[in-house]
Amino acid sequence: MKLWGGRFTKATNELVHNFNASISFDQKFYKEDIEGSIAHVTMLARQQIITNADKESIITGLKSILADIESGKLEIDGTYEDIHSFVEAHLTERIGEAGKKLHTGRSRNDQVALDMKLYTRKEIFEINSLLKDLLESLLKIIKENTDTIMPGFTHLQKAQPITLAHHIGAYFEMFKRDRSRLTDIYERMNYCPLGSGALAGTTYPLDREYTAKFLNFKGPALNSIDAVSDRDYLIEFLSAMSIIMMHLSRFCEEITIWNSNEYQFIEIDDSYSTGSSIMPQKKNPDIAELIRGKTGRVYGTLMSLLTTMKGLSLAYNKDMQEDKELVFDAIDTTKGCILLFKGMFDTLTFNKDNMRKSAEGGFTNATDAADYLVNHGIPFRDAHTIIGQLVLYCIDNNKSLNELSLDEYKAICPIFEKDIYDAISMETCIKKRNTIGAPGPKAMEQTIATYEKYLKND
Ligand code: ARG
């Protein structure tokens with residue numbers, strides 16, 4: 001049952017077997033394990049290290065194992081140490097002697113490094129495409145809301161008027177960066193460890209260029225010690241997932257605030273909300289909260305793997321087996337959260353009137369009032385002071401800037417004329433902000449065109 005029984009005189013203690021075994025989780029990459037083995041034996045035959053007949057028989061055996069696992073005919077059982085032992089044992093059982101040649105010139109160290117890379121590559125691609133779907137959802141709302149006015153905040157205090165499109169656009173940028181981070185990781189990790197052996201290569205004339213190409217890598221990893229002990233790409237991947245989760249979490253925090261009784265900017269759909277067992281009136285944003293909560297869990301995987309790796313001498317050490325459950329859990333969590341978030345976002349109702357009313361309060365147009373004075377020749381710093389005095393006056397008299405009479409304006413600064421009202425209307429505040437990246441209609445039109453092109457060219 002074991003791949004290494006020869007040197008041992010005693011059976012493994014049962015607790016040791018269970019503690020050491022990885023099959024309960026590394027069975028996740030049975031497909032990649034078989035794919036890697038097919039590449040390896042194809043190359044072995046090309047290099048005349050094994051015969052073509054053995055190669056054919058091994059590949060047929062591996063493919064039948066794959067088919068039987070997929071159809072449920074062959075169950076991956078926990079008596080084996082890992083998925084590599086499981087596949088090899090079943091291969092030999094099915095095809096006899098030739099099966100014992102599969103592991104020629106290979107170690108489980110380069111094998112597991114390969115399997116994990118193949119698996120990670122696929123998952124990077126999947127997360128990237130889930131993010132793309134989410135971006136499509138965001139862009140739809142952006143396009144529909146270029147004139148939906150809402151307050152922009154700093155310090156969670158009303159700051160200046162913006163649009164819903166502009167606000168959602170900020171998240172579009174974040175998820176766009178997340179995708180480019182994933183692409184970077186993919187590019188950097190895409191070198192094949194197969195053929196590195198345990199750590200020092202092998203004495204067989206393996207063609208590593210060939211297997212690398214066969215498996216769609218850019219080339220073979222160039223140092224066999226590094227190739228079997230590199231987990232940087234997993235740490236980078238966990239870091240990228242942590243950042244995705246951080247972005248989702250910030251978005252969820254805002255959704256929770258916007259959905260609150262006090263704000264009522266949005267309403268989360270019933271199908272994405274939950275109730276209370278005691279308070280009949282409650283409709284809670286549990287999904288947003290849970291995504292926010294699960295962020296901590298993904299951060300944890302990053303810290304765990306960083307810590308696991310920090311003291312390891314070269315090359316492979318068993319500690320590295322810990323990488324798998326961490327990465328698998330982070331992948332499942334992140335993918336689940338992106339999907340759930342998209343569903344919740346797609347079904348949100350935006351209460352545009354409430355957003356607009358909120359933007360009108362809190363003196364969000366004070367900067368524009370100061371800009372009015374600057375346009376009439378007053379230095380900005382003085383304009384800032386004058387508007388500050390006006391705001392104070394408004395607070396004392398329970399008014400907003402647009403509710404002041406012209407006489408009240410003039411009492412503080414005679415430069416004000418009738419056109420101040422138009423200059424500080426919510427529409428003007430938005431319309432005039434057309435620098436690149438701003439919420440104004442011209443700026444947004446350009447941004448939207450860029451986003452459309454970005455999604456189309458992908
Ligand atoms: N299950 C092991 C892992 O995940 C596979 C590699 C085993 N290599 C070894 N030298 N024991 O890391």
# chains A, B, ... in the order shown; residues from 1 in each chain; ligands from 1
call {"tool": "select_by_dssp", "arguments": {"residues": "stretch 57-150 of chain A", "states": "helix (DSSP H, G or I)", "output": "MDAnalysis selection string"}}
result
chainID A and resid 57:71 83:101 108:144
call {"tool": "write_last_selection", "arguments": {"atoms": "C-alpha atoms", "output": "PDB file, in the first residue's frame"}}
result
ATOM      1  CA  SER A  57      -0.307   0.590 -21.410  1.00  0.00           C
ATOM      2  CA  ILE A  58       0.369   3.163 -18.642  1.00  0.00           C
ATOM      3  CA  ILE A  59      -1.632   5.865 -20.407  1.00  0.00           C
ATOM      4  CA  THR A  60      -4.551   3.530 -21.040  1.00  0.00           C
ATOM      5  CA  GLY A  61      -4.456   2.513 -17.378  1.00  0.00           C
ATOM      6  CA  LEU A  62      -4.296   6.127 -16.167  1.00  0.00           C
ATOM      7  CA  LYS A  63      -7.172   7.133 -18.407  1.00  0.00           C
ATOM      8  CA  SER A  64      -9.309   4.273 -17.178  1.00  0.00           C
ATOM      9  CA  ILE A  65      -8.578   5.287 -13.569  1.00  0.00           C
ATOM     10  CA  LEU A  66      -9.569   8.857 -14.413  1.00  0.00           C
ATOM     11  CA  ALA A  67     -12.798   7.727 -16.080  1.00  0.00           C
ATOM     12  CA  ASP A  68     -13.674   5.461 -13.162  1.00  0.00           C
ATOM     13  CA  ILE A  69     -13.040   8.167 -10.576  1.00  0.00           C
ATOM     14  CA  GLU A  70     -15.197  10.595 -12.558  1.00  0.00           C
ATOM     15  CA  SER A  71     -18.043   8.134 -13.005  1.00  0.00           C
ATOM     16  CA  ILE A  83      -3.379  10.685  -4.180  1.00  0.00           C
ATOM     17  CA  HIS A  84      -0.037   9.825  -5.820  1.00  0.00           C
ATOM     18  CA  SER A  85       0.120   6.444  -4.038  1.00  0.00           C
ATOM     19  CA  PHE A  86      -3.517   5.808  -4.779  1.00  0.00           C
ATOM     20  CA  VAL A  87      -3.159   6.330  -8.522  1.00  0.00           C
ATOM     21  CA  GLU A  88       0.096   4.375  -8.785  1.00  0.00           C
ATOM     22  CA  ALA A  89      -1.251   1.423  -6.797  1.00  0.00           C
ATOM     23  CA  HIS A  90      -4.397   1.228  -8.906  1.00  0.00           C
ATOM     24  CA  LEU A  91      -2.385   1.542 -12.072  1.00  0.00           C
ATOM     25  CA  THR A  92      -0.193  -1.411 -11.183  1.00  0.00           C
ATOM     26  CA  GLU A  93      -3.229  -3.395 -10.137  1.00  0.00           C
ATOM     27  CA  ARG A  94      -4.803  -2.747 -13.540  1.00  0.00           C
ATOM     28  CA  ILE A  95      -1.858  -3.078 -15.923  1.00  0.00           C
ATOM     29  CA  GLY A  96       0.717  -5.083 -13.970  1.00  0.00           C
ATOM     30  CA  GLU A  97       4.511  -4.619 -14.251  1.00  0.00           C
ATOM     31  CA  ALA A  98       4.448  -1.580 -16.558  1.00  0.00           C
ATOM     32  CA  GLY A  99       2.672   0.395 -13.818  1.00  0.00           C
ATOM     33  CA  LYS A 100       5.788   0.141 -11.673  1.00  0.00           C
ATOM     34  CA  LYS A 101       7.713   2.162 -14.255  1.00  0.00           C
ATOM     35  CA  ARG A 108       6.630  12.883  -5.117  1.00  0.00           C
ATOM     36  CA  ASN A 109       8.336  16.190  -4.436  1.00  0.00           C
ATOM     37  CA  ASP A 110       8.296  17.338  -8.051  1.00  0.00           C
ATOM     38  CA  GLN A 111       5.032  15.483  -8.593  1.00  0.00           C
ATOM     39  CA  VAL A 112       3.155  17.299  -5.841  1.00  0.00           C
ATOM     40  CA  ALA A 113       4.728  20.605  -6.849  1.00  0.00           C
ATOM     41  CA  LEU A 114       3.417  20.007 -10.361  1.00  0.00           C
ATOM     42  CA  ASP A 115      -0.064  18.892  -9.273  1.00  0.00           C
ATOM     43  CA  MET A 116      -0.496  21.920  -7.073  1.00  0.00           C
ATOM     44  CA  LYS A 117       0.654  24.244  -9.823  1.00  0.00           C
ATOM     45  CA  LEU A 118      -1.697  22.727 -12.363  1.00  0.00           C
ATOM     46  CA  TYR A 119      -4.557  22.983  -9.883  1.00  0.00           C
ATOM     47  CA  THR A 120      -3.706  26.557  -8.913  1.00  0.00           C
ATOM     48  CA  ARG A 121      -3.430  27.664 -12.543  1.00  0.00           C
ATOM     49  CA  LYS A 122      -6.957  26.436 -13.192  1.00  0.00           C
ATOM     50  CA  GLU A 123      -8.330  28.134 -10.094  1.00  0.00           C
ATOM     51  CA  ILE A 124      -6.595  31.423 -10.864  1.00  0.00           C
ATOM     52  CA  PHE A 125      -8.308  31.337 -14.214  1.00  0.00           C
ATOM     53  CA  GLU A 126     -11.692  30.578 -12.640  1.00  0.00           C
ATOM     54  CA  ILE A 127     -11.487  33.323 -10.040  1.00  0.00           C
ATOM     55  CA  ASN A 128     -10.429  35.714 -12.772  1.00  0.00           C
ATOM     56  CA  SER A 129     -13.502  34.874 -14.787  1.00  0.00           C
ATOM     57  CA  LEU A 130     -15.823  35.145 -11.754  1.00  0.00           C
ATOM     58  CA  LEU A 131     -14.415  38.618 -11.227  1.00  0.00           C
ATOM     59  CA  LYS A 132     -15.110  39.420 -14.834  1.00  0.00           C
ATOM     60  CA  ASP A 133     -18.770  38.422 -14.368  1.00  0.00           C
ATOM     61  CA  LEU A 134     -18.916  40.675 -11.336  1.00  0.00           C
ATOM     62  CA  LEU A 135     -17.438  43.551 -13.345  1.00  0.00           C
ATOM     63  CA  GLU A 136     -20.175  43.083 -15.968  1.00  0.00           C
ATOM     64  CA  SER A 137     -22.740  43.508 -13.182  1.00  0.00           C
ATOM     65  CA  LEU A 138     -21.015  46.624 -11.871  1.00  0.00           C
ATOM     66  CA  LEU A 139     -20.789  48.167 -15.314  1.00  0.00           C
ATOM     67  CA  LYS A 140     -24.511  47.712 -15.872  1.00  0.00           C
ATOM     68  CA  ILE A 141     -25.299  49.708 -12.717  1.00  0.00           C
ATOM     69  CA  ILE A 142     -22.631  52.282 -13.591  1.00  0.00           C
ATOM     70  CA  LYS A 143     -24.199  52.878 -17.001  1.00  0.00           C
ATOM     71  CA  GLU A 144     -27.688  53.236 -15.548  1.00  0.00           C
TER      72      GLU A 144
END
call {"tool": "residues_around", "arguments": {"residues": "stretch 148-161 of chain A", "least_positions_apart": "6", "cutoff": "8 Å", "atoms": "only C-alpha atoms", "output": "VMD selection string"}}
result
chain A and resid 167 352 355 to 360 362 to 365 367 426 429 to 430
call {"tool": "write_last_selection", "arguments": {"atoms": "N, CA, C and O atoms", "output": "PDB file, in the first residue's frame"}}
result
ATOM      1  N   HIS A 167     -19.317  56.096  -7.683  1.00  0.00           N
ATOM      2  CA  HIS A 167     -18.992  55.309  -6.490  1.00  0.00           C
ATOM      3  C   HIS A 167     -18.752  53.839  -6.857  1.00  0.00           C
ATOM      4  O   HIS A 167     -17.754  53.237  -6.444  1.00  0.00           O
ATOM      5  N   LYS A 352     -33.046  56.017  -5.166  1.00  0.00           N
ATOM      6  CA  LYS A 352     -32.359  57.202  -5.690  1.00  0.00           C
ATOM      7  C   LYS A 352     -32.800  58.495  -4.994  1.00  0.00           C
ATOM      8  O   LYS A 352     -31.980  59.391  -4.787  1.00  0.00           O
ATOM      9  N   MET A 355     -30.951  58.915  -1.791  1.00  0.00           N
ATOM     10  CA  MET A 355     -29.542  59.264  -2.012  1.00  0.00           C
ATOM     11  C   MET A 355     -29.431  60.754  -2.315  1.00  0.00           C
ATOM     12  O   MET A 355     -28.589  61.460  -1.781  1.00  0.00           O
ATOM     13  N   ARG A 356     -30.313  61.208  -3.161  1.00  0.00           N
ATOM     14  CA  ARG A 356     -30.267  62.617  -3.575  1.00  0.00           C
ATOM     15  C   ARG A 356     -30.540  63.531  -2.374  1.00  0.00           C
ATOM     16  O   ARG A 356     -29.826  64.509  -2.144  1.00  0.00           O
ATOM     17  N   LYS A 357     -31.581  63.194  -1.605  1.00  0.00           N
ATOM     18  CA  LYS A 357     -31.917  64.016  -0.433  1.00  0.00           C
ATOM     19  C   LYS A 357     -30.724  64.085   0.518  1.00  0.00           C
ATOM     20  O   LYS A 357     -30.400  65.144   1.062  1.00  0.00           O
ATOM     21  N   SER A 358     -30.077  62.956   0.676  1.00  0.00           N
ATOM     22  CA  SER A 358     -28.930  62.916   1.578  1.00  0.00           C
ATOM     23  C   SER A 358     -27.793  63.786   1.044  1.00  0.00           C
ATOM     24  O   SER A 358     -27.111  64.488   1.806  1.00  0.00           O
ATOM     25  N   ALA A 359     -27.612  63.787  -0.278  1.00  0.00           N
ATOM     26  CA  ALA A 359     -26.534  64.591  -0.871  1.00  0.00           C
ATOM     27  C   ALA A 359     -26.785  66.077  -0.666  1.00  0.00           C
ATOM     28  O   ALA A 359     -25.852  66.876  -0.545  1.00  0.00           O
ATOM     29  N   GLU A 360     -28.068  66.442  -0.599  1.00  0.00           N
ATOM     30  CA  GLU A 360     -28.401  67.867  -0.455  1.00  0.00           C
ATOM     31  C   GLU A 360     -28.109  68.389   0.951  1.00  0.00           C
ATOM     32  O   GLU A 360     -27.939  69.591   1.133  1.00  0.00           O
ATOM     33  N   GLY A 362     -25.875  68.409   4.680  1.00  0.00           N
ATOM     34  CA  GLY A 362     -24.471  68.271   5.088  1.00  0.00           C
ATOM     35  C   GLY A 362     -23.500  69.152   4.319  1.00  0.00           C
ATOM     36  O   GLY A 362     -22.290  68.918   4.330  1.00  0.00           O
ATOM     37  N   PHE A 363     -24.027  70.177   3.640  1.00  0.00           N
ATOM     38  CA  PHE A 363     -23.162  71.171   2.968  1.00  0.00           C
ATOM     39  C   PHE A 363     -22.181  70.547   1.989  1.00  0.00           C
ATOM     40  O   PHE A 363     -21.027  70.946   1.901  1.00  0.00           O
ATOM     41  N   THR A 364     -22.648  69.545   1.247  1.00  0.00           N
ATOM     42  CA  THR A 364     -21.743  68.877   0.299  1.00  0.00           C
ATOM     43  C   THR A 364     -21.322  69.811  -0.836  1.00  0.00           C
ATOM     44  O   THR A 364     -20.358  69.542  -1.529  1.00  0.00           O
ATOM     45  N   ASN A 365     -22.085  70.932  -0.992  1.00  0.00           N
ATOM     46  CA  ASN A 365     -21.727  71.868  -2.057  1.00  0.00           C
ATOM     47  C   ASN A 365     -20.858  73.031  -1.570  1.00  0.00           C
ATOM     48  O   ASN A 365     -20.654  74.003  -2.293  1.00  0.00           O
ATOM     49  N   THR A 367     -17.658  73.243  -1.119  1.00  0.00           N
ATOM     50  CA  THR A 367     -16.440  73.441  -1.930  1.00  0.00           C
ATOM     51  C   THR A 367     -16.788  74.200  -3.209  1.00  0.00           C
ATOM     52  O   THR A 367     -16.044  75.076  -3.656  1.00  0.00           O
ATOM     53  N   MET A 426     -26.917  70.714  -6.994  1.00  0.00           N
ATOM     54  CA  MET A 426     -26.306  69.367  -7.064  1.00  0.00           C
ATOM     55  C   MET A 426     -25.885  69.052  -8.496  1.00  0.00           C
ATOM     56  O   MET A 426     -24.801  68.517  -8.735  1.00  0.00           O
ATOM     57  N   CYS A 429     -22.718  70.827  -9.406  1.00  0.00           N
ATOM     58  CA  CYS A 429     -21.561  70.232  -8.695  1.00  0.00           C
ATOM     59  C   CYS A 429     -21.046  69.011  -9.461  1.00  0.00           C
ATOM     60  O   CYS A 429     -19.839  68.791  -9.547  1.00  0.00           O
ATOM     61  N   ILE A 430     -21.963  68.224  -9.989  1.00  0.00           N
ATOM     62  CA  ILE A 430     -21.553  67.030 -10.733  1.00  0.00           C
ATOM     63  C   ILE A 430     -21.066  67.412 -12.128  1.00  0.00           C
ATOM     64  O   ILE A 430     -19.983  66.999 -12.567  1.00  0.00           O
TER      65      ILE A 430
END
call {"tool": "residues_near_ligand", "arguments": {"ligand": "ligand 1", "cutoff": "7 Å", "atoms": "only C-alpha atoms and all ligand atoms", "output": "PyMOL selection string"}}
result
chain A and resi 21-22+82+108-109+112+316+318+320-321+324
call {"tool": "write_last_selection", "arguments": {"atoms": "C-alpha atoms", "output": "PDB file, in the first residue's frame"}}
result
ATOM      1  CA  ALA A  21      -1.664  11.172   5.240  1.00  0.00           C
ATOM      2  CA  SER A  22      -2.872  13.828   2.843  1.00  0.00           C
ATOM      3  CA  ASP A  82      -1.844  10.375  -0.731  1.00  0.00           C
ATOM      4  CA  ARG A 108       6.630  12.883  -5.117  1.00  0.00           C
ATOM      5  CA  ASN A 109       8.336  16.190  -4.436  1.00  0.00           C
ATOM      6  CA  VAL A 112       3.155  17.299  -5.841  1.00  0.00           C
ATOM      7  CA  TYR A 316      11.247  19.882   0.470  1.00  0.00           C
ATOM      8  CA  LYS A 318       6.796  17.830   5.075  1.00  0.00           C
ATOM      9  CA  MET A 320       4.754  22.105   3.041  1.00  0.00           C
ATOM     10  CA  GLN A 321       1.921  19.619   2.920  1.00  0.00           C
ATOM     11  CA  LYS A 324      -3.057  22.448   0.446  1.00  0.00           C
TER      12      LYS A 324
END
call {"tool": "residues_around", "arguments": {"residues": "stretch 411-423 of chain A", "least_positions_apart": "5", "cutoff": "8 Å", "atoms": "only C-alpha atoms", "output": "list in words"}}
result
Asp368, Ala369, Tyr372, Leu373, His376, Ile386, Gln389, Leu390, Asn402, Leu406, Thr428 and Cys429 of chain A
call {"tool": "closest_residue", "arguments": {"among": "A:Phe237, A:Tyr204, A:Tyr171, A:Tyr299", "to": "A:Met189", "atoms": "only C-alpha atoms"}}
result
A:Phe237
call {"tool": "closest_residue", "arguments": {"among": "A:Leu206, A:Ile235, A:Ala200, A:Ile162", "to": "A:Ile50", "atoms": "only C-alpha atoms"}}
result
A:Leu206
call {"tool": "closest_residue", "arguments": {"among": "A:Ala11, A:Ile338, A:Val41, A:Ile266", "to": "A:Glu56", "atoms": "only C-alpha atoms"}}
result
A:Val41
call {"tool": "closest_residue", "arguments": {"among": "A:Asn52, A:Ser277, A:Thr333, A:Ser313", "to": "A:Lys294", "atoms": "only C-alpha atoms"}}
result
A:Thr333
call {"tool": "residues_around", "arguments": {"residues": "stretch 279-290 of chain A", "least_positions_apart": "2", "cutoff": "9 Å", "atoms": "only C-alpha atoms", "output": "PyMOL selection string"}}
result
chain A and resi 248-249+251-253+255-256+259-260+268+270+272-277+292-295+337+340-341+344
call {"tool": "closest_residue", "arguments": {"among": "A:Val228, A:Leu238, A:Leu455, A:Val16", "to": "A:Leu314", "atoms": "only C-alpha atoms"}}
result
A:Val228
call {"tool": "atom_distance", "arguments": {"atom1": "atom CA of A:Asn190", "atom2": "atom CA of A:Thr203"}}
result
24.8 Å
call {"tool": "select_by_dssp", "arguments": {"residues": "stretch 105-350 of chain A", "states": "strand (DSSP E or B)", "output": "ChimeraX atom specification"}}
result
/A:149-154,157-163,191-192,219-220,266-267,274,284,349-350
